[in-house]
Amino acid sequence: MQLVLSEDQELISKTVGDFVEERSPVSRFRALRDSNDDTGYSKALWKEMAELGWVGISIPEEYGGAGMGLADLAIVLEGLGSRLAPEPFFSTVLLGGQMLIRGGTKDQQGTWLPGIAAGEKIISLAYQELGSRYDLNVVETRAEDINNGFSITGEKTLVLDGHVADCFLVVARTAGDSRSSEGISIFLVPSDADGLVVTRQTRVDFRNSAVVSLSGVFVQRNALVGELHRGATLLEDVVDYATAGLCSEMLGGMQQAFKLTMDHVKERKQFETAVGSFQALKHRAADIFIELELARSATMACTRAIDEESENSSKLVSLAKARCSDAYLLASNEGVQMFGGVGMTDEYDIGLYLKRARACELTFGDSSFHRNRWALLGGY
Amino acid sequence: MQLVLSEDQELISKTVGDFVEERSPVSRFRALRDSNDDTGYSKALWKEMAELGWVGISIPEEYGGAGMGLADLAIVLEGLGSRLAPEPFFSTVLLGGQMLIRGGTKDQQGTWLPGIAAGEKIISLAYQELGSRYDLNVVETRAEDINNGFSITGEKTLVLDGHVADCFLVVARTAGDSRSSEGISIFLVPSDADGLVVTRQTRVDFRNSAVVSLSGVFVQRNALVGELHRGATLLEDVVDYATAGLCSEMLGGMQQAFKLTMDHVKERKQFETAVGSFQALKHRAADIFIELELARSATMACTRAIDEESENSSKLVSLAKARCSDAYLLASNEGVQMFGGVGMTDEYDIGLYLKRARACELTFGDSSFHRNRWALLGGY
Amino acid sequence: MTELTIFREEIREWLESSAPGALKGIGNNVLEGCWGGRNPIFPHPEQEEWLSLAAEKGLTAPTWPKKYGGAGLSDDEHKVFREEVSRLKLPAPLIGFGLTMIGPTLLRFGTDEQKAQHIPSIVKGRVRWCQGYSEPGAGSDLASLQTRAEVDGNDYIINGTKVWTSYADKSDWIFALVRTDPGAKKQEGITFLLIDMATPGISVSPILLISGSSPFCETYFEDVRVPRKNVVTEENAGWTVAKALLGHERSMIADAFGGAAEGKKAKTLPEMAKSYVYGGGGEVADAVLRDRIVQNEMDTAAFKYTVQRTRDAARAGQQPGAESSLFKVYGTELNQRRYDILMKIAGPQSLGWEGTGFEDEELGRTREWLRSRGNSIEGGTSEIQRNIIAKRVLGLPD
Amino acid sequence: MTELTIFREEIREWLESSAPGALKGIGNNVLEGCWGGRNPIFPHPEQEEWLSLAAEKGLTAPTWPKKYGGAGLSDDEHKVFREEVSRLKLPAPLIGFGLTMIGPTLLRFGTDEQKAQHIPSIVKGRVRWCQGYSEPGAGSDLASLQTRAEVDGNDYIINGTKVWTSYADKSDWIFALVRTDPGAKKQEGITFLLIDMATPGISVSPILLISGSSPFCETYFEDVRVPRKNVVTEENAGWTVAKALLGHERSMIADAFGGAAEGKKAKTLPEMAKSYVYGGGGEVADAVLRDRIVQNEMDTAAFKYTVQRTRDAARAGQQPGAESSLFKVYGTELNQRRYDILMKIAGPQSLGWEGTGFEDEELGRTREWLRSRGNSIEGGTSEIQRNIIAKRVLGLPD
């Protein structure tokens with residue numbers, strides 16, 4: 001495992017950095033939010049990212065992607081995360097797309113992956129339910145085996161980009177009780193299916209999600225992704241993958257929040273002295289710096305472990321997510337505090353990072369969830 | 001509940017303060033330690049404390065004590081704790097004496113309490129065993145019911161002042177398995193009993209304790225303190241009482257450690273500036289101050305709750321012990337750090353407080369033990 | 001029968017017979033309080049009657065002198081009055097900065113003319129006040145203020161901007177700090193001035209916070225003409241007045257957090273945790289979360305006892321130290337930790353801003369969490385409070 | 001076959017045939033290492049032979065020039081040598097401050113005469129060195145040193161006291177900072193001087209720490225006469241030399257903590273916890289303690305990856321930043337947290353100092369806990385490291 005960017009990766013990093021600087025400053029996200037935009041992201045920019053090869057970066061070449069690794073995708077996510085870009089990477093690439101790559105049939109892959117890579121199709125994973133918290137095995141949505149197909153009924157919440165998805169991967173129970181890892185199956189359901197209702201949600205971080213209700217939605221047998229009853233492992237692997245991606249996004253966000261804060265305290269004077277010269281603040285800044293560095297190391301390690309299919313990749317994902325959750329909150333909490341009163345106003349960007357930090361923390365498990373998972377994986 | 005010292009209590013506080021300043025500075029404790037003194041405390045000073053009425057402060061007047069409350073005794077303990085005085089208050093007054101007051105027969109009380117109040121008898125509670133940790137119900141020492149008496153076999157560790165005790169209150173199992181609260185009984189055993197061997201221990205805080213081994217030690221039926229099989233509640237109440245007393249001692253220690261540290265940083269110059277003028281240090285000092293204040297409030301509340309026999313006194317004991325454990329460690333850890341290199345040398349007193357802080361933390365349960373107990377008592 | 005007992009009986013009888021029945025049992029919820037003013041808002045229609053009844057007897061400002069419309073109660077009588085009001089769970093007849101801030105200030109520092117002009121209208125709830133201290137870019141360094149007041153005959157001409165003026169958009173008068181001598185050292189050259197918000201040249205715009213809308217405003221002064229007689233004490237002596245008032249404000253905020261530990265217990269953290277992450281056997285399933293809850297409960301208990309200790313000590317005649325700084329820094333940070341735990345307890349259900357998929361209670365908590373981040377900034381930042389403790393209590397050198 | 005492969009084969013053959021068999025498998029335990037000197041101590045009798053064999057080939061100082069007795073290895077060859085030594089788990093033939101500190105300093109700054117006098121005797125392990133920097137009351141402010149060196153003909157007369165001189169009681173020479181120009185500004189007027197510990201007027205007393213005995217000493221100089229030719233570089237230019245050496249020392253300490261994360265894993269925390277507080281089902285019974293253990297394990301893992309990242313970046317040609325400060329502050333505090341947890345795990349069994357009722361392992365851990373409190377003080381306090389990060393990495397103003 002090499003914990004340093006290759007020259008190619010450095011180049012991607014620079015390209016993404018220039019791109020967000022010019023094309024996707026935070027003001028763009030803000031404008032989307034304030035205009036109550038229908039899609040909540042920029043279709044044009046998404047198309048452009050696809051043309052730059054970013055959307056399909058991890059999709060196999062045969063389906064129009066670049067066939068690269070998560071470590072490469074992570075660089076893009078970090079750059080976009082630094083400016084809170086709301087484009088549908090998580091729904092479509094890290095969750096939906098990745099699940100098809102890992103578990104889809106050739107047919108399913110051929111139908112969807114090229115459209116994803118081209119930036120033309122949005123596909124989302126509907127796994128979370130009210131009360132499921134971070135336990136992927138808590139699934140109450142049921143899929144009944146009927147006449148050559150399945151009838152799905154249940155309600156999914158916080159389905160990322162659900163309001164613009166062309167299709168959903170719905171996690172449903174085909175057997176077992178509502179907390180068992182056995183009996184979980186995954187189905188491809190088009191968003192215009194009869195009995196499927198999508199209601200857009202408004203989140204604190206203004207990222208896009210929806211409640212998806214299914215009442216007797218019929219799908220054919222070939223809608224099954226992965227094995228019947230045995231979807232739990234596939235789901236866990238995909239969520240691990242997306243979690244590593246989320247950590248990369250968080251890294252970009254926390255780094256930028258910290259940068260904004262440091263820039264501010266260097267400028268801002270109080271009692272005729274730059275706020276940044278107060279030693280108590282300096283020591284806190286040094287501690288944030290350290291936490292950010294450690295979060296970066298952990299995240300780099302986990303993306304590479306996934307690419308290398310290392311056996312401890314799940315442990316490293318938990319390491320990264322636990323650290324990134326705490327570090328992003330630290331950097332943004334301290335950011336607001338160091339900005340002072342103006343940090344509390346909607347006008348300043350630091351509050352947007354605080355909201356995103358919280359949303360990221362509570363997605364795919366918070367730090368104590370992942371510490372517990374680390375211990376369980378370590379056998380104690 | 002009044003969380004303020006009465007005028008009488010203020011007077012005790014001043015007397016104790018003057019006493020330790022003159023008669024019991026830390027150098028006295030140090031000398032006892034360095035001379036490998038046989039008793040490890042000053043018999044003469046103990047006698048003097050008894051004459052001042054401190055040893056018998058909580059012993060009923062009919063047995064030569066002052067019949068006052070724990071809130072009064074706490075003042076004495078705080079004063080002595082501020083200079084690490086090693087006199088046998090915990091063994092003899094807070095554990096042994098208190099257990100006789102609460103559970104002893106008139107005969108037992110009449111035999112021992114006057115001697116305790118007069119500073120002539122040392123009595124200790126032998127409850128802890130290797131592996132019992134903080135669980136009072138883990139008792140493997142067995143007392144078998146035989147011919148008009150009991151035969152006790154087992155090993156007790158960390159028996160406070162065991163090497164100078166005239167008599168032990170031995171917690172033994174008369175029924176039940178080794179973790180059950182049922183079947184625990186307590187016996188008065190003279191230190192010269194056949195089959196009882198005392199081995200002095202050397203602790204990190206140089207406070208006195210011993211391992212007490214019992215092999216077939218015979219006691220008569222009238223040696224039983226409290227009810228047969230039902231000693232667990234008495235034991236818990238007495239340990240609660242002693243814990244509240246320990247918190248008071250800790251309060252004195254942490255306050256003095258903090259004072260030494262503040263005095264040092266005001267004097268000590270580095271880079272031509274008093275160390276105490278560095279803002280990062282100031283903010284840490286302010287946080288220690290706050291923690292000390294909160295620890296004091298919690299301790300005052302718990303001693304008064306015990307005196308008032310309030311139903312939430314156990315909860316308040318856990319509150320105080322959890323806070324005092326963490327606060328004393330904080331004050332002494334930060335003390336060593338703020339003293340710098342010299343803080344690491346045996347020559348400076350701050351290290352003695354660090355050791356005592358740790359020893360206190362690990363006596364009667366550390367902070368996470370007491371947080372768990374608080375939750376259990378609160379029903380969650 | 002003591003005089004106080006007689007007083008209690010009179011008050012009780014009066015409250016029982018006169019106070020509007022519809023208000024009994026409502027309690028003292030600030031959000032539902034009556035702030036008075038030229039265009040008063042009465043969340044409950046009966047509050048109008050309650051205000052007028054109380055004001056008539058001066059009981060909106062119970063301890064203020066009768067001469068200016070107050071009830072002239074002694075401290076003991078005031079205590080009895082509050083006890084009787086809370087016995088019936090009646091809301092306060094009137095709340096606001098007139099009663100808590102500018103009223104006491106004018107009673108102490110104002111001229112007879114100022115008292116006569118302003119105090120009765122505060123007591124009657126006819127004029128609502130706001131405060132104009134902070135300025136953009138000043139932060140904790142209040143004395144660096146830039147709003148200029150230039151003398152022009154018997155008037156000042158005011159130019160500048162004030163921020164964090166709570167309820168400026170709903171207030172009739174503002175008490176403000178302005179710079180009258182730009183040449184003087186920072187804290188000198190500042191004047192404490194009373195300004196009618198209806199004066200031409202004043203405009204107000206509300207401040208949007210990260211938690212949503214807020215009572216805070218930005219208030220702009222453009223060539224605003226204010227009579228010089230509206231100065232409290234003297235020109236360039238405003239810092240003294242401000243400091244007295246600021247100490248008062250901080251101890252109010254500190255008290256609020258000292259009190260918050262007790263009040264506002266809609267649901268305890270263990271209850272919340274049981275509803276979101278309930279395990280078996282009465283325990284909260286997530287042991288680490290449970291421990292954080294215990295820590296917060298213990299912090300709250302220890303803090304509550306510290307507040308009590310300070311009060312008991314004060315009653316025993318002991319001098320208070322820097323307790324208000326301790327209360328402020330610890331109380332606010334405790335509240336922040338509490339919201340942090342609440343967010344973790346509700347987990348993904350903490351992610352809502354509005355609408356579908358979230359309970360109103362959940363949406364409210366998330367906004368309150370965001371709002372709580374400001375607690376350690378407003379009313380003297382935690383940093384300033386720690387500086388104060390280090391200097392005043394611990395005597396650490398500058 | 002590359003030259004390096006040939007070199008490896010030669011070294012391997014030589015080690016296998018010549019290195020004392022009794023030492024193979026012992027590994028590099030510093031406590032058991034050989035420090036050399038006029039009165040050397042050989043914890044294993046075979047170390048004497050091993051030292052002499054290695055010294056003969058210059059392999060005690062593998063990269064030093066052959067001219068002065070070193071082996072003159074390239075960096076790549078040196079790496080091969082270390083790999084082969086550790087393949088056989090051989091101890092280093094020689095350790096000490098001669099090799100790590102004064103040797104490299106003299107090679108860089110020393111005169112030919114100084115090199116010829118000192119380097120070979122270091123390589124041969126004949127002279128043991130110690131360092132005389134700190135003074136009582138100086139702490140982190142090294143430049144405030146007071147030890148005076150007054151010129152007297154071709155000599156200096158030295159008076160003063162040095163503290164924290166590790167192993168001064170066992171060393172033959174000391175390199176020290178002394179003040180030669182008391183009038184100059186702090187960091188000027190300091191001279192770097194080599195002093196034979198056998199010189200009359202030098203006395204040494206060991207320092208007792210809170211954890212017990214220690215290698216540290218206090219070293220007193222009373223009218224000690226030292227030839228002026230023992231100055232390294234020039235009079236009053238000692239600060240430059242010291243700074244170079246100090247940077248070296250700090251990165252050594254940081255490395256030690258960076259490495260400590262990996263090495264010295266007698267028992268992991270989970271293993272320890274299982275032996276003291278084992279629950280059912282493979283879990284540690286105390287859930288909160290378990291969580292603290294996880295935190296420490298995670299901190300250790302993230303730290304380890306950060307060390308690796310720095311090394312990988314350096315190999316990729318990227319400039320290092322203030323990593324050594326990060327390593328120092330985080331590595332030491334991590335170690336302290338680890339001992340804190342260890343104390344809690346063993347609970348009452350952590351209370352022993354010596355003797356009855358405690359296992360040797362328990363007694364050792366308690367002493368190590370106490371010793372660990374010094375980690376955040378020695379070699380540049382955590383406060384100093386945070387200052388450095390704030391200034392050099394974050395660019396915060398003074």
# chains A, B, ... in the order shown; residues from 1 in each chain; ligands from 1
>>> interface_residues(of="chain A", to="chain D", cutoff="7 Å", atoms="only C-alpha atoms", output="list in words")
Gln2, Leu3, Val4, Lys266, Gly276, Ser277, Lys282, His283, Ala285, Ala286, Ile290, Leu294, Ser297, Ala298, Leu319, Arg371, Ala375, Gly379 and Tyr380 of chain A
>>> write_last_selection(atoms="N, CA and C atoms", output="PDB file, in the first residue's frame")
ATOM      1  N   GLN A   2       0.658   2.084  -0.992  1.00  0.00           N
ATOM      2  CA  GLN A   2       1.422   3.334  -1.080  1.00  0.00           C
ATOM      3  C   GLN A   2       0.530   4.491  -0.659  1.00  0.00           C
ATOM      4  N   LEU A   3       0.879   5.184   0.409  1.00  0.00           N
ATOM      5  CA  LEU A   3       0.033   6.276   0.872  1.00  0.00           C
ATOM      6  C   LEU A   3       0.520   7.617   0.337  1.00  0.00           C
ATOM      7  N   VAL A   4       0.612   7.684  -0.977  1.00  0.00           N
ATOM      8  CA  VAL A   4       1.029   8.946  -1.600  1.00  0.00           C
ATOM      9  C   VAL A   4       0.387   8.967  -2.978  1.00  0.00           C
ATOM     10  N   LYS A 266      -6.433  34.928  10.539  1.00  0.00           N
ATOM     11  CA  LYS A 266      -5.225  35.709  10.217  1.00  0.00           C
ATOM     12  C   LYS A 266      -5.580  37.164   9.907  1.00  0.00           C
ATOM     13  N   GLY A 276      -5.788  35.247  15.237  1.00  0.00           N
ATOM     14  CA  GLY A 276      -4.955  34.074  15.048  1.00  0.00           C
ATOM     15  C   GLY A 276      -3.652  34.102  15.821  1.00  0.00           C
ATOM     16  N   SER A 277      -3.382  35.187  16.488  1.00  0.00           N
ATOM     17  CA  SER A 277      -2.140  35.227  17.259  1.00  0.00           C
ATOM     18  C   SER A 277      -2.371  34.851  18.719  1.00  0.00           C
ATOM     19  N   LYS A 282      -4.297  29.123  18.760  1.00  0.00           N
ATOM     20  CA  LYS A 282      -3.237  28.435  17.999  1.00  0.00           C
ATOM     21  C   LYS A 282      -3.145  26.967  18.371  1.00  0.00           C
ATOM     22  N   HIS A 283      -3.199  26.707  19.666  1.00  0.00           N
ATOM     23  CA  HIS A 283      -3.064  25.310  20.076  1.00  0.00           C
ATOM     24  C   HIS A 283      -4.261  24.488  19.620  1.00  0.00           C
ATOM     25  N   ALA A 285      -5.928  25.147  16.954  1.00  0.00           N
ATOM     26  CA  ALA A 285      -5.716  25.000  15.507  1.00  0.00           C
ATOM     27  C   ALA A 285      -4.731  23.867  15.230  1.00  0.00           C
ATOM     28  N   ALA A 286      -3.677  23.797  16.044  1.00  0.00           N
ATOM     29  CA  ALA A 286      -2.693  22.724  15.845  1.00  0.00           C
ATOM     30  C   ALA A 286      -3.352  21.361  16.030  1.00  0.00           C
ATOM     31  N   ILE A 290      -3.723  18.317  13.280  1.00  0.00           N
ATOM     32  CA  ILE A 290      -3.318  16.925  13.508  1.00  0.00           C
ATOM     33  C   ILE A 290      -4.464  15.969  13.197  1.00  0.00           C
ATOM     34  N   LEU A 294      -4.520  12.936  10.407  1.00  0.00           N
ATOM     35  CA  LEU A 294      -4.799  11.534  10.720  1.00  0.00           C
ATOM     36  C   LEU A 294      -6.016  11.031   9.945  1.00  0.00           C
ATOM     37  N   SER A 297      -4.821  10.229   6.490  1.00  0.00           N
ATOM     38  CA  SER A 297      -4.072   8.975   6.407  1.00  0.00           C
ATOM     39  C   SER A 297      -5.017   7.782   6.444  1.00  0.00           C
ATOM     40  N   ALA A 298      -5.987   7.831   7.359  1.00  0.00           N
ATOM     41  CA  ALA A 298      -6.916   6.718   7.493  1.00  0.00           C
ATOM     42  C   ALA A 298      -7.740   6.556   6.220  1.00  0.00           C
ATOM     43  N   LEU A 319     -12.317   2.676  10.588  1.00  0.00           N
ATOM     44  CA  LEU A 319     -11.313   3.611  11.097  1.00  0.00           C
ATOM     45  C   LEU A 319     -11.484   4.979  10.466  1.00  0.00           C
ATOM     46  N   ARG A 371     -16.641   2.527  15.880  1.00  0.00           N
ATOM     47  CA  ARG A 371     -15.707   1.995  16.876  1.00  0.00           C
ATOM     48  C   ARG A 371     -16.180   0.621  17.342  1.00  0.00           C
ATOM     49  N   ALA A 375     -14.229  -3.066  16.880  1.00  0.00           N
ATOM     50  CA  ALA A 375     -13.986  -4.051  17.942  1.00  0.00           C
ATOM     51  C   ALA A 375     -14.568  -5.404  17.559  1.00  0.00           C
ATOM     52  N   GLY A 379     -12.668  -8.963  17.056  1.00  0.00           N
ATOM     53  CA  GLY A 379     -12.911 -10.099  17.938  1.00  0.00           C
ATOM     54  C   GLY A 379     -12.895  -9.765  19.420  1.00  0.00           C
ATOM     55  N   TYR A 380     -13.301  -8.545  19.770  1.00  0.00           N
ATOM     56  CA  TYR A 380     -13.422  -8.260  21.212  1.00  0.00           C
ATOM     57  C   TYR A 380     -14.569  -7.310  21.515  1.00  0.00           C
TER      58      TYR A 380
END
>>> select_by_dssp(residues="stretch 61-289 of chain C", states="helix (DSSP H, G or I)", output="PyMOL selection string")
chain C and resi 66-68+75-87+97-109+112-123+142-144+168-170+228-230+238-260+269-277+287-289
>>> closest_residue(among="C:Gly69, C:Gly125, C:Gly355, C:Gly139", to="A:Phe271", atoms="only C-alpha atoms")
C:Gly139
>>> closest_atom_pairs(of="chain A", to="chain B", cutoff="10 Å", atoms="only C-alpha atoms", output="tab-separated table")
residue	atom	partner	partner_atom	distance
A:Phe278	CA	B:Gln279	CA	6.9
A:Gln279	CA	B:Ala280	CA	5.3
A:Ala280	CA	B:Ala280	CA	3.8
A:Leu281	CA	B:Ala280	CA	7.5
A:Lys282	CA	B:Ala280	CA	8.1
A:His283	CA	B:Ala280	CA	6.7
A:Arg284	CA	B:Ala280	CA	8.7
>>> write_last_selection(atoms="all heavy atoms", output="PDB file, in the first residue's frame")
ATOM      1  N   PHE A 278      -3.628  34.641  19.101  1.00  0.00           N
ATOM      2  CA  PHE A 278      -3.891  34.200  20.475  1.00  0.00           C
ATOM      3  C   PHE A 278      -3.472  32.747  20.642  1.00  0.00           C
ATOM      4  O   PHE A 278      -3.879  31.877  19.874  1.00  0.00           O
ATOM      5  CB  PHE A 278      -5.374  34.361  20.828  1.00  0.00           C
ATOM      6  CG  PHE A 278      -5.809  35.803  20.932  1.00  0.00           C
ATOM      7  CD1 PHE A 278      -6.792  36.308  20.105  1.00  0.00           C
ATOM      8  CD2 PHE A 278      -5.212  36.653  21.847  1.00  0.00           C
ATOM      9  CE1 PHE A 278      -7.184  37.643  20.192  1.00  0.00           C
ATOM     10  CE2 PHE A 278      -5.600  37.987  21.938  1.00  0.00           C
ATOM     11  CZ  PHE A 278      -6.583  38.480  21.110  1.00  0.00           C
ATOM     12  N   GLN A 279      -2.671  32.488  21.666  1.00  0.00           N
ATOM     13  CA  GLN A 279      -2.068  31.159  21.776  1.00  0.00           C
ATOM     14  C   GLN A 279      -3.088  30.048  21.993  1.00  0.00           C
ATOM     15  O   GLN A 279      -2.934  28.945  21.473  1.00  0.00           O
ATOM     16  CB  GLN A 279      -1.026  31.139  22.898  1.00  0.00           C
ATOM     17  CG  GLN A 279      -0.077  29.946  22.784  1.00  0.00           C
ATOM     18  CD  GLN A 279       0.620  29.641  24.098  1.00  0.00           C
ATOM     19  OE1 GLN A 279       0.098  29.887  25.167  1.00  0.00           O
ATOM     20  NE2 GLN A 279       1.821  29.100  23.989  1.00  0.00           N
ATOM     21  N   ALA A 280      -4.140  30.341  22.760  1.00  0.00           N
ATOM     22  CA  ALA A 280      -5.126  29.283  23.013  1.00  0.00           C
ATOM     23  C   ALA A 280      -5.742  28.831  21.691  1.00  0.00           C
ATOM     24  O   ALA A 280      -5.940  27.643  21.449  1.00  0.00           O
ATOM     25  CB  ALA A 280      -6.206  29.783  23.964  1.00  0.00           C
ATOM     26  N   LEU A 281      -6.015  29.793  20.831  1.00  0.00           N
ATOM     27  CA  LEU A 281      -6.563  29.478  19.514  1.00  0.00           C
ATOM     28  C   LEU A 281      -5.537  28.715  18.672  1.00  0.00           C
ATOM     29  O   LEU A 281      -5.866  27.750  17.983  1.00  0.00           O
ATOM     30  CB  LEU A 281      -6.989  30.781  18.837  1.00  0.00           C
ATOM     31  CG  LEU A 281      -7.704  30.665  17.510  1.00  0.00           C
ATOM     32  CD1 LEU A 281      -8.724  31.781  17.364  1.00  0.00           C
ATOM     33  CD2 LEU A 281      -6.719  30.730  16.352  1.00  0.00           C
ATOM     34  N   LYS A 282      -4.297  29.123  18.760  1.00  0.00           N
ATOM     35  CA  LYS A 282      -3.237  28.435  17.999  1.00  0.00           C
ATOM     36  C   LYS A 282      -3.145  26.967  18.371  1.00  0.00           C
ATOM     37  O   LYS A 282      -2.982  26.102  17.512  1.00  0.00           O
ATOM     38  CB  LYS A 282      -1.878  29.073  18.307  1.00  0.00           C
ATOM     39  CG  LYS A 282      -1.609  30.336  17.576  1.00  0.00           C
ATOM     40  CD  LYS A 282      -0.200  30.793  17.941  1.00  0.00           C
ATOM     41  CE  LYS A 282       0.116  32.091  17.261  1.00  0.00           C
ATOM     42  NZ  LYS A 282       1.415  32.610  17.705  1.00  0.00           N
ATOM     43  N   HIS A 283      -3.199  26.707  19.666  1.00  0.00           N
ATOM     44  CA  HIS A 283      -3.064  25.310  20.076  1.00  0.00           C
ATOM     45  C   HIS A 283      -4.261  24.488  19.620  1.00  0.00           C
ATOM     46  O   HIS A 283      -4.114  23.342  19.211  1.00  0.00           O
ATOM     47  CB  HIS A 283      -2.870  25.224  21.596  1.00  0.00           C
ATOM     48  CG  HIS A 283      -1.478  25.559  22.014  1.00  0.00           C
ATOM     49  ND1 HIS A 283      -0.929  25.154  23.204  1.00  0.00           N
ATOM     50  CD2 HIS A 283      -0.497  26.248  21.380  1.00  0.00           C
ATOM     51  CE1 HIS A 283       0.322  25.593  23.286  1.00  0.00           C
ATOM     52  NE2 HIS A 283       0.602  26.269  22.192  1.00  0.00           N
ATOM     53  N   ARG A 284      -5.438  25.094  19.660  1.00  0.00           N
ATOM     54  CA  ARG A 284      -6.604  24.374  19.150  1.00  0.00           C
ATOM     55  C   ARG A 284      -6.444  24.138  17.650  1.00  0.00           C
ATOM     56  O   ARG A 284      -6.779  23.060  17.137  1.00  0.00           O
ATOM     57  CB  ARG A 284      -7.886  25.144  19.452  1.00  0.00           C
ATOM     58  CG  ARG A 284      -8.349  24.958  20.896  1.00  0.00           C
ATOM     59  CD  ARG A 284      -9.153  26.129  21.443  1.00  0.00           C
ATOM     60  NE  ARG A 284     -10.300  26.458  20.632  1.00  0.00           N
ATOM     61  CZ  ARG A 284     -10.973  27.611  20.687  1.00  0.00           C
ATOM     62  NH1 ARG A 284     -10.586  28.545  21.554  1.00  0.00           N
ATOM     63  NH2 ARG A 284     -12.005  27.825  19.928  1.00  0.00           N
TER      64      ARG A 284
END
>>> residues_around(residues="A:Tyr348", least_positions_apart="4", cutoff="10 Å", atoms="only C-alpha atoms", output="PyMOL selection string")
(chain A and resi 336+339+342-344+352) or (chain C and resi 209-210)
>>> write_last_selection(atoms="C-alpha atoms", output="short mmCIF file (atom, residue, chain, number, x, y, z; two decimals), in the first residue's frame")
data_model
loop_
_atom_site.label_atom_id
_atom_site.label_comp_id
_atom_site.auth_asym_id
_atom_site.auth_seq_id
_atom_site.Cartn_x
_atom_site.Cartn_y
_atom_site.Cartn_z
CA VAL A 336 -17.97 28.62 13.74
CA PHE A 339 -15.42 33.03 13.17
CA VAL A 342 -20.65 36.07 11.85
CA GLY A 343 -20.02 32.34 11.81
CA MET A 344 -23.56 31.93 13.07
CA LEU A 352 -22.78 25.18 5.52
CA LEU C 209 -28.85 32.48 11.10
CA ILE C 210 -27.60 29.02 10.25
#
>>> residues_around(residues="stretch 346-350 of chain D", least_positions_apart="3", cutoff="7 Å", atoms="only C-alpha atoms", output="PyMOL selection string")
(chain B and resi 133+362-363) or (chain D and resi 276+342-343+358+362+366)
>>> write_last_selection(atoms="N, CA, C and O atoms", output="short mmCIF file (atom, residue, chain, number, x, y, z; two decimals), in the first residue's frame")
data_model
loop_
_atom_site.label_atom_id
_atom_site.label_comp_id
_atom_site.auth_asym_id
_atom_site.auth_seq_id
_atom_site.Cartn_x
_atom_site.Cartn_y
_atom_site.Cartn_z
N ARG B 133 -12.06 -6.41 41.64
CA ARG B 133 -12.21 -5.11 41.00
C ARG B 133 -13.08 -4.20 41.88
O ARG B 133 -12.74 -4.04 43.04
N LEU B 362 -8.62 4.62 41.58
CA LEU B 362 -8.80 3.17 41.47
C LEU B 362 -9.26 2.53 42.79
O LEU B 362 -9.20 1.32 42.95
N THR B 363 -9.68 3.37 43.72
CA THR B 363 -10.24 2.86 44.97
C THR B 363 -11.74 3.15 44.96
O THR B 363 -12.15 4.25 44.59
N TYR D 276 -8.22 -8.95 32.51
CA TYR D 276 -8.69 -8.32 33.76
C TYR D 276 -10.20 -8.16 33.84
O TYR D 276 -10.79 -8.24 34.90
N LEU D 342 -4.32 1.49 30.43
CA LEU D 342 -3.74 0.32 31.09
C LEU D 342 -3.96 0.37 32.60
O LEU D 342 -4.27 -0.64 33.23
N MET D 343 -3.80 1.55 33.17
CA MET D 343 -4.03 1.69 34.60
C MET D 343 -5.48 1.36 34.94
O MET D 343 -5.77 0.69 35.93
N PHE D 358 1.32 -7.85 44.06
CA PHE D 358 1.29 -7.39 42.67
C PHE D 358 2.24 -8.22 41.82
O PHE D 358 3.31 -8.60 42.29
N GLU D 362 2.72 -5.94 36.57
CA GLU D 362 1.86 -4.84 37.05
C GLU D 362 2.70 -3.71 37.63
O GLU D 362 2.45 -2.53 37.35
N THR D 366 2.98 0.23 36.10
CA THR D 366 2.68 1.43 36.89
C THR D 366 3.85 2.42 36.81
O THR D 366 3.65 3.62 36.64
#
>>> select_by_dssp(residues="stretch 65-290 of chain A", states="strand (DSSP E)", output="PyMOL selection string")
chain A and resi 123-126+142-146+149-160+167-173+184-190+196-203+209-220+224-225+269-270+273-274
